[in-house]
Amino acid sequence: MKISVLNFSLRKTGRTSKVFYPFIKGLQKSKDNKIELYHLTDWEIKNCQGCSHCWFIDPGNCIINDDFSKQIKNIITSDLIVFASPIWVGNGTHLFRTFAERLFGTIKPDFIEHPNHIYGHNNLQNRQIKTILISTCALPGYHNFSSLIENIKSFDYLCNFNFIGSLLKSQSLELDIIDNTSMKYFTEIVYNAGRNVSDEKKFNIFASYLETNFIEINKYITLVNQKFDRQTER
């Protein structure tokens with residue numbers, strides 16, 4: 001299986017990487033998986049110009065000469081695309097949002113009907129591509145991921161993708177302070193999710209284990225606010 005992992009964090013070794021790196025190690029257990037990791041913070045990626053050149057003049061080819069245009073043809077031929085982004089003010093980072101806009105150039109203009117009478121598009125490859133979301137948020141609560149999840153799910157009918165699940169870590173600042181035993185347990189969960197990605201049921205079982213946080217919420221809020229106070233006093 002050809003897999004593209006897209007890191008939309010501005011930091012290559014931030015807290016989101018504490019999820020996608022062990023996930024990739026799990027993916028690597030299958031010799032059939034060919035994995036490519038892309039750090040979009042290294043890319044020159046520009047906003048879509050809305051010119052429709054990629055739809056009506058030169059289908060599939062964007063008029064903008066940047067790293068998106070250079071890499072997208074390899075990414076879009078993947079069997080699985082993993083979107084990894086921290087939550088910034090209720091959604092993915094600006095790198096994710098710009099990338100999502102530019103997916104315009106990978107789909108056909110024709111309107112088609114998808115299941116449940118939902119209308120959208122097909123991609124230029126006429127094939128379904130599986131997707132997974134990896135996301136972290138410092139705030140407590142899984143409601144923080146709602147907008148990003150819905151954004152990724154919309155690609156199902158806009159790009160003929162197939163969202164199979166997500167690995168979500170709320171209270172992500174606790175990853176900086178939990179003990180080694182807890183961190184090992186967390187890493188093993190994510191690793192096993194990667195190992196079982198071809199079995200959606202098993203993948204989502206491991207993903208559900210991440211819903212339990214390590215630090216009680218009131219204690220977590222106290223610790224985080226104390227940390228912020230110390231940083232403010234510097």
# chains A, B, ... in the order shown; residues from 1 in each chain; ligands from 1

$ closest_atom_pairs --of "region 87-117 of chain A" --to "region 11-30 of chain A" --cutoff "12 Å" --atoms "only C-alpha atoms" --output "JSON lines"
{"residue": "A:Ile87", "atom": "CA", "partner": "A:Thr16", "partner_atom": "CA", "distance": 9.7}
{"residue": "A:Gly92", "atom": "CA", "partner": "A:Thr16", "partner_atom": "CA", "distance": 11.7}
{"residue": "A:Thr93", "atom": "CA", "partner": "A:Arg11", "partner_atom": "CA", "distance": 11.3}
{"residue": "A:Leu95", "atom": "CA", "partner": "A:Arg11", "partner_atom": "CA", "distance": 11.7}

$ write_last_selection --atoms "C-alpha atoms" --output "mmCIF file, in the first residue's frame"
data_model
loop_
_atom_site.group_PDB
_atom_site.id
_atom_site.type_symbol
_atom_site.label_atom_id
_atom_site.label_comp_id
_atom_site.auth_asym_id
_atom_site.auth_seq_id
_atom_site.Cartn_x
_atom_site.Cartn_y
_atom_site.Cartn_z
ATOM 1 C CA ILE A 87 -5.653 22.383 16.155
ATOM 2 C CA GLY A 92 -6.042 22.787 11.131
ATOM 3 C CA THR A 93 -3.062 25.073 10.563
ATOM 4 C CA LEU A 95 -0.687 24.944 5.864
#

$ closest_atom_pairs --of "region 114-221 of chain A" --to "region 40-63 of chain A" --cutoff "12 Å" --atoms "only C-alpha atoms" --output "tab-separated table"
residue	atom	partner	partner_atom	distance
A:His121	CA	A:Trp55	CA	11.9
A:Asn123	CA	A:Gly60	CA	9.4
A:Leu124	CA	A:Gly60	CA	7.2
A:Gln125	CA	A:Gly60	CA	10.0

$ residues_around --residues "Ile75 (chain A)" --least-positions-apart "5" --cutoff "10 Å" --atoms "only C-alpha atoms" --output "list in words"
Lys2, Ile3, Ser4, Val5, Leu6, Glu36, Tyr38, Phe68, Lys70, Leu80 and Ile81 of chain A

$ write_last_selection --atoms "C-alpha atoms" --output "PDB file, in the first residue's frame"
ATOM      1  CA  LYS A   2       1.317   3.415  -0.944  1.00  0.00           C
ATOM      2  CA  ILE A   3       0.919   5.823   1.989  1.00  0.00           C
ATOM      3  CA  SER A   4       1.536   9.573   2.163  1.00  0.00           C
ATOM      4  CA  VAL A   5       1.796  11.167   5.614  1.00  0.00           C
ATOM      5  CA  LEU A   6       1.352  14.949   5.494  1.00  0.00           C
ATOM      6  CA  GLU A  36       6.456   8.905   2.357  1.00  0.00           C
ATOM      7  CA  TYR A  38       6.018  15.254   3.888  1.00  0.00           C
ATOM      8  CA  PHE A  68       2.413  21.636  -4.072  1.00  0.00           C
ATOM      9  CA  LYS A  70       5.707  19.376  -7.721  1.00  0.00           C
ATOM     10  CA  LEU A  80      -3.895   6.137   1.935  1.00  0.00           C
ATOM     11  CA  ILE A  81      -3.302   9.793   2.829  1.00  0.00           C
TER      12      ILE A  81
END

$ atom_distance --atom1 "CA of Asn225 (chain A)" --atom2 "CA of His143 (chain A)"
20.6 Å

$ residues_around --residues "Phe96 (chain A)" --least-positions-apart "5" --cutoff "9 Å" --atoms "only C-alpha atoms" --output "number ranges by chain"
A: 6-9, 40, 83-85, 91, 101
